[in-house]
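A.B. asks: The structure's right below; bear with me while I get my questions together.
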Amino acid sequence: MPQTAVADSETGLTLKELARRHGLSAAGKLPSLPEYTRQLWAYRHFIASYANAKVASSLGKTRLGVFWQVLTPLINAAVYYLIFGVILNTKSGVDNFVAYLCTGVFIFGFTQSTVSAGIQAITGNLGLIRALHFPRGSLPLAITMVEVRNTLASLAVLMVIVVGFGEPITLEWLLIVPIFLLQAVFNAGLALAGARLGSKIPDVRNLIPFVMRMWLYLSAVLYPVTRFTDHLSGWKLTLVEANPMLVFIDLMRHALMEDVPLAASPTVMWLEALAWTFVVGLGGYVYFWRGEKGYGRG
Amino acid sequence: MADNMTGSDRRDPTVIVDDAHVVYRIQQSATPGTGSPLASFKRLVTGTKPATMREVHAIKGVSFVAYKGEAVGLIGTNGSGKSTLLRAIAGLLPVERGAIYAAGQPSLLGVSAALMNDLPGERNVVLGCLAMGMSPAEVKSKTKDIIDFSGINERGDFSSLPMRTYSSGMGARLRFAIAAAKQHDVLLIDEALATGDAKFRRRSEQRVRDLRAQAGTVFLVSHSEQSIRDTCERAIWLESGLIRADGPTDDVLKEYEAYVKR
């Protein structure tokens, strides 16, 4: 038998005791939640620069480059305007349907793209994860940052569209900022949870498109929210109206537009938005942290 | 025995591997007979383990202690578990049984470490340094040194070109330069020195010696016996996940050569 434990023969210590005496820590030990948060904070520059790099590398090969950040939402809006504004000329009881529709599409798009990118935050970066040590939460957070940046461009486009379709600029527009921040935290929670889920069960990725489409139809993006109040009642209606995306979209519509039908009173919706953000943001963070040491294995 | 090494700081262990076992669980893509939707469904209903799941016992109980200031070479034939052991020490693979203790956070430097291929070398340097936990100011002051050390600019301004345009040697050199820029308590190097030309190899061997002098421990996996001989005074020979020999490089290499020639 080759000499395996050098320390044994000399001091009679077991390897475990030797490690403890010299203050060595076991590899792959989970840091506490405050410690993990501190680590993530220390890596904030990495998160920002990774998000920038991600945007640069995804747009780097196109000819128009960063211009696509503005162009994508513009084309998106143009498609919906063509179908619903020109061809179908939908009104559905909303005065300014195009502005109503675009708000829904852009706000939902923020969450949708964060979720689908978040699912692959771990599985798509295995090379980086296996090579370097950094708190893995940096990756889903960086992906959320990328989407925040993209959505800021969309929001600018959205404001132009909304004003272009005859909405006045009011003080209520200031509410855009807190709504956007709440949604960003909510999305970060989803991205974190999705990242762990996607790394544990790769099959989830195949289900996401259906889940997101279901969510899209349940969030009154393509039709007014009054459709639900007209056809549902009791606990079913309560359930549908508790949908966080419906809440975020309606709040944003309420802030940007005059005279929009809402699912509930603004106060109730603000409380719901706060509750959802807190639960999903914190829940996603804790869920991701629990799996910290398992990422990149296999 | 490894006791004939000298040095006063030798008593400070930096890595302790205590009867470590590593098992890979591999989800294979379908083999004939298991790939039909019906077979998958049957597995789901009966709750049996997927037939496509296989286990590979890569490390079968390894114990050793590495000390401050040591450079340890890991040798062994292909598939003997060298890289797996490094990844376990780095905390990137869980141990099935036993434990691995380390001072600080060991960093693994492998040739396969992927950065962002669509971005220029410079930006990858910044990104890599930030990912190793440097502050932005530190990164700024070190970027030029790293690029100079990697030597990618020897044939014109390559540092501003995307990394996908680099030759494999240039990419590996840049990655080594990034990882070697930081002061590591424990640096794990996987075949990195084998890439690159003779000139770069000399430079990187010098850098490994410097890192060691700054009181770290270096592990080196390489098939080049020369680079093990040049940089390490201790060698561990792994075969089929077990330690065959552990001791001064020359002795272990002699045994190993005899084994390989047989």
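FYI, nothing fancy with the structure tokens labels: chains A, B, ... in order, residues from 1 per chain, ligands from 1 as they appear.
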Can you list, as a list in words, every protein, DNA or RNA residue that comes within 8 Å of A:Gly85 when you count only C-alpha atoms, leaving out same-chain residues fewer than 4 positions away?
C.D. replies: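 Everything that qualifies: Tyr80, Tyr81, Asn89, Thr90, Phe97 and Val98 of chain A.
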A.B. asks: Go through stretch 131-212 of chain B residue by residue and, counting only C-alpha atoms, keep those with an atom at most 9 Å from stretch 63-82 of chain B; for each kept residue give the shortest atom pair and its distance in Å to one decimal, ordered by chain and increasing number, as CSV.
C.D. replies:
```
residue,atom,partner,partner_atom,distance
B:Asp185,CA,B:Lys68,CA,8.5
B:Val186,CA,B:Lys68,CA,8.7
B:Asp190,CA,B:Lys82,CA,8.8
B:Val208,CA,B:Ala71,CA,8.7
B:Arg209,CA,B:Ala71,CA,8.5
B:Leu211,CA,B:Gly69,CA,8.8
B:Arg212,CA,B:Gly69,CA,5.2
```
A.B. asks: Looking at A:Ile119, A:Leu141, A:Ile47, A:Val86, which one is nearest to B:Leu130, with distances taken over only C-alpha atoms?
C.D. replies: A:Ile47
A.B. asks: Using only C-alpha atoms, select each residue of chain B with any atom at most 6 Å away from an atom of chain A, and give the selection as a list in words.
C.D. replies: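 For chain B, the answer reads Ser63, Phe64, Gly91, Leu93, Ile100, Tyr101, Ala102, Ala103, Ala113, Ala114, Asp118, Leu130, Ala131 and Ala245 of chain B.
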A.B. asks: Write a file of the selected residues as an mmCIF file, in the first residue's frame, keeping C-alpha atoms.
C.D. replies:
```
data_model
loop_
_atom_site.group_PDB
_atom_site.id
_atom_site.type_symbol
_atom_site.label_atom_id
_atom_site.label_comp_id
_atom_site.auth_asym_id
_atom_site.auth_seq_id
_atom_site.Cartn_x
_atom_site.Cartn_y
_atom_site.Cartn_z
ATOM 1 C CA SER B 63 -5.819 10.255 0.282
ATOM 2 C CA PHE B 64 -2.914 12.664 0.391
ATOM 3 C CA GLY B 91 -14.987 21.788 -5.632
ATOM 4 C CA LEU B 93 -17.392 17.764 -8.579
ATOM 5 C CA ILE B 100 -11.534 17.164 0.425
ATOM 6 C CA TYR B 101 -10.342 20.148 2.450
ATOM 7 C CA ALA B 102 -8.593 23.151 0.995
ATOM 8 C CA ALA B 103 -7.164 26.451 2.148
ATOM 9 C CA ALA B 113 -12.148 26.689 -19.952
ATOM 10 C CA ALA B 114 -14.408 28.610 -22.276
ATOM 11 C CA ASP B 118 -17.393 36.381 -29.866
ATOM 12 C CA LEU B 130 -13.670 40.062 -12.650
ATOM 13 C CA ALA B 131 -14.924 36.475 -12.506
ATOM 14 C CA ALA B 245 2.901 6.014 -6.076
#
```
A.B. asks: Using DSSP on the backbone coordinates, identify all residues within stretch 13-175 of chain B classified as strand (DSSP E or B); present the result as a ChimeraX atom specification.
C.D. replies: /B:13-27,53-67,71-75,97-102,107-110,120,162
A.B. asks: Within 8 Å of stretch 151-163 of chain B, counting only C-alpha atoms, which residues show up once you throw out same-chain ones fewer than 5 positions away? Write them as a PyMOL selection string, please.
C.D. replies: chain B and resi 116-122+170-171+173-174+200
A.B. asks: Go through A:Val185, A:Val55, A:Arg136, A:Glu258 one by one, measure the shortest atom-to-atom distance of each to A:Leu30 using only C-alpha atoms, and give the residue with the smallest value.
C.D. replies: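 The closest residue to A:Leu30 is A:Arg136.
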A.B. asks: For A:Ser154, list every protein, DNA or RNA residue within 9 Å, evaluated using only C-alpha atoms, and leave out those in the same chain fewer than 4 positions away; present the list as a list of chain:residue names.
C.D. replies: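 Using only C-alpha atoms, the neighbours found are A:Gln69, A:Val70, A:Leu71, A:Thr72, A:Pro73, A:Leu74, A:Phe106, A:Ile107, A:Arg149, A:Asn150, A:Leu158, A:Met159.
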A.B. asks: Convert the current residue selection to file output with C-alpha atoms, as a PDB file, in the first residue's frame.
C.D. replies:
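Result file follows (selection.pdb):
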```
ATOM      1  CA  GLN A  69     -32.281  46.959 -29.275  1.00  0.00           C
ATOM      2  CA  VAL A  70     -34.604  49.700 -30.514  1.00  0.00           C
ATOM      3  CA  LEU A  71     -35.495  48.050 -33.784  1.00  0.00           C
ATOM      4  CA  THR A  72     -36.773  44.804 -32.236  1.00  0.00           C
ATOM      5  CA  PRO A  73     -39.563  46.408 -30.161  1.00  0.00           C
ATOM      6  CA  LEU A  74     -40.411  48.727 -33.074  1.00  0.00           C
ATOM      7  CA  PHE A 106     -43.872  44.799 -24.189  1.00  0.00           C
ATOM      8  CA  ILE A 107     -44.387  44.244 -20.479  1.00  0.00           C
ATOM      9  CA  ARG A 149     -31.466  46.845 -20.687  1.00  0.00           C
ATOM     10  CA  ASN A 150     -33.438  45.534 -23.639  1.00  0.00           C
ATOM     11  CA  LEU A 158     -43.526  52.229 -26.007  1.00  0.00           C
ATOM     12  CA  MET A 159     -43.779  55.783 -24.675  1.00  0.00           C
TER      13      MET A 159
END
```
A.B. asks: Quick one: distance from atom CA of B:Arg97 to atom CA of B:Asp18 in Å, one decimal?
C.D. replies: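 It comes out at 9.1 Å.
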A.B. asks: So how many Å separate atom CA of B:Glu138 and atom CA of B:Gln183, to one decimal?
C.D. replies: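 Separation between atom CA of B:Glu138 and atom CA of B:Gln183: 12.2 Å.
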A.B. asks: Would you compute the distance between atom CA of A:Gly104 and atom CA of A:Ser233? Give it in Å to one decimal.
C.D. replies: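 Spanning atom CA of A:Gly104 to atom CA of A:Ser233 is a straight-line distance of 23.2 Å.
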A.B. asks: Taking the DSSP assignment computed from this structure's backbone, write out as an MDAnalysis selection string all residues of stretch 98-273 of chain A that belong to alpha helix (DSSP H).
C.D. replies: chainID A and resid 98:119 126:131 138:164 176:200 204:218 226:231 234:241 244:256 266:273
A.B. asks: Contacts of B:Ile189 at 6 Å or less, counting only C-alpha atoms, minus same-chain residues fewer than 6 places along, as a list of chain:residue names?
C.D. replies: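 Contacts, in chain order: B:Leu109, B:Phe219, B:Leu220.
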A.B. asks: Please produce a file of those selected residues containing C-alpha atoms, as a PDB file, in the first residue's frame.
C.D. replies:
```
ATOM      1  CA  LEU B 109      -7.120  26.205 -14.926  1.00  0.00           C
ATOM      2  CA  PHE B 219      -1.062  20.928  -8.974  1.00  0.00           C
ATOM      3  CA  LEU B 220      -0.110  20.100 -12.523  1.00  0.00           C
TER       4      LEU B 220
END
```
A.B. asks: A:Ala264: which residues within 12 Å, counting only C-alpha atoms, same-chain residues fewer than 2 positions away excluded, as an mmCIF file with N, CA and C atoms, in the first residue's frame?
C.D. replies:
```
data_model
loop_
_atom_site.group_PDB
_atom_site.id
_atom_site.type_symbol
_atom_site.label_atom_id
_atom_site.label_comp_id
_atom_site.auth_asym_id
_atom_site.auth_seq_id
_atom_site.Cartn_x
_atom_site.Cartn_y
_atom_site.Cartn_z
ATOM 1 N N VAL A 225 -58.974 43.148 -20.301
ATOM 2 C CA VAL A 225 -59.127 42.366 -19.097
ATOM 3 C C VAL A 225 -60.608 42.161 -18.747
ATOM 4 N N THR A 226 -61.475 42.997 -19.333
ATOM 5 C CA THR A 226 -62.914 42.882 -19.054
ATOM 6 C C THR A 226 -63.490 41.560 -19.568
ATOM 7 N N PHE A 228 -62.422 38.718 -18.855
ATOM 8 C CA PHE A 228 -62.454 37.808 -17.716
ATOM 9 C C PHE A 228 -63.632 38.129 -16.800
ATOM 10 N N THR A 229 -63.788 39.443 -16.505
ATOM 11 C CA THR A 229 -64.866 39.825 -15.583
ATOM 12 C C THR A 229 -66.234 39.489 -16.174
ATOM 13 N N LEU A 237 -62.536 33.842 -10.860
ATOM 14 C CA LEU A 237 -62.156 35.204 -11.230
ATOM 15 C C LEU A 237 -61.026 35.701 -10.326
ATOM 16 N N THR A 238 -61.167 35.416 -9.025
ATOM 17 C CA THR A 238 -60.127 35.820 -8.071
ATOM 18 C C THR A 238 -58.791 35.225 -8.483
ATOM 19 N N VAL A 240 -57.809 34.136 -11.461
ATOM 20 C CA VAL A 240 -57.283 34.714 -12.705
ATOM 21 C C VAL A 240 -56.724 36.108 -12.452
ATOM 22 N N GLU A 241 -57.413 36.867 -11.583
ATOM 23 C CA GLU A 241 -56.979 38.243 -11.360
ATOM 24 C C GLU A 241 -55.764 38.360 -10.449
ATOM 25 N N ALA A 242 -55.425 37.264 -9.760
ATOM 26 C CA ALA A 242 -54.235 37.304 -8.906
ATOM 27 C C ALA A 242 -52.959 37.097 -9.725
ATOM 28 N N ASN A 243 -53.114 36.759 -10.981
ATOM 29 C CA ASN A 243 -51.974 36.520 -11.875
ATOM 30 C C ASN A 243 -51.025 37.721 -11.875
ATOM 31 N N LEU A 246 -50.782 39.828 -15.059
ATOM 32 C CA LEU A 246 -51.975 40.662 -15.257
ATOM 33 C C LEU A 246 -51.858 41.934 -14.427
ATOM 34 N N VAL A 247 -51.342 41.763 -13.187
ATOM 35 C CA VAL A 247 -51.196 42.901 -12.283
ATOM 36 C C VAL A 247 -50.187 43.903 -12.843
ATOM 37 N N ASP A 250 -51.534 45.581 -16.063
ATOM 38 C CA ASP A 250 -52.616 46.525 -15.805
ATOM 39 C C ASP A 250 -52.109 47.798 -15.130
ATOM 40 N N LEU A 251 -51.157 47.617 -14.204
ATOM 41 C CA LEU A 251 -50.596 48.790 -13.537
ATOM 42 C C LEU A 251 -49.889 49.692 -14.536
ATOM 43 N N HIS A 254 -52.389 51.453 -16.577
ATOM 44 C CA HIS A 254 -53.019 52.494 -15.760
ATOM 45 C C HIS A 254 -52.117 53.727 -15.688
ATOM 46 N N VAL A 260 -58.511 53.343 -18.774
ATOM 47 C CA VAL A 260 -58.376 51.931 -19.137
ATOM 48 C C VAL A 260 -59.176 51.098 -18.161
ATOM 49 N N PRO A 261 -59.829 50.045 -18.654
ATOM 50 C CA PRO A 261 -60.528 49.144 -17.735
ATOM 51 C C PRO A 261 -59.511 48.353 -16.927
ATOM 52 N N LEU A 262 -59.660 48.333 -15.610
ATOM 53 C CA LEU A 262 -58.738 47.593 -14.762
ATOM 54 C C LEU A 262 -59.431 46.370 -14.174
ATOM 55 N N PRO A 266 -56.647 50.257 -8.185
ATOM 56 C CA PRO A 266 -55.187 50.391 -8.230
ATOM 57 C C PRO A 266 -54.522 50.019 -6.913
ATOM 58 N N THR A 267 -55.136 50.382 -5.780
ATOM 59 C CA THR A 267 -54.513 50.072 -4.483
ATOM 60 C C THR A 267 -54.337 48.574 -4.318
ATOM 61 N N VAL A 268 -55.409 47.834 -4.614
ATOM 62 C CA VAL A 268 -55.333 46.376 -4.504
ATOM 63 C C VAL A 268 -54.221 45.837 -5.403
ATOM 64 N N MET A 269 -54.152 46.385 -6.624
ATOM 65 C CA MET A 269 -53.161 45.863 -7.568
ATOM 66 C C MET A 269 -51.738 46.176 -7.116
ATOM 67 N N TRP A 270 -51.544 47.365 -6.531
ATOM 68 C CA TRP A 270 -50.205 47.686 -6.018
ATOM 69 C C TRP A 270 -49.799 46.725 -4.920
ATOM 70 N N LEU A 271 -50.759 46.417 -4.032
ATOM 71 C CA LEU A 271 -50.457 45.480 -2.947
ATOM 72 C C LEU A 271 -50.121 44.107 -3.511
ATOM 73 N N GLU A 272 -50.900 43.711 -4.518
ATOM 74 C CA GLU A 272 -50.642 42.402 -5.137
ATOM 75 C C GLU A 272 -49.256 42.384 -5.775
#
```
A.B. asks: Can you list, as a PyMOL selection string, every protein, DNA or RNA residue that comes within 12 Å of A:Leu171 when you count only C-alpha atoms, leaving out same-chain residues fewer than 3 positions away?
C.D. replies: chain A and resi 168+174-177+254-258
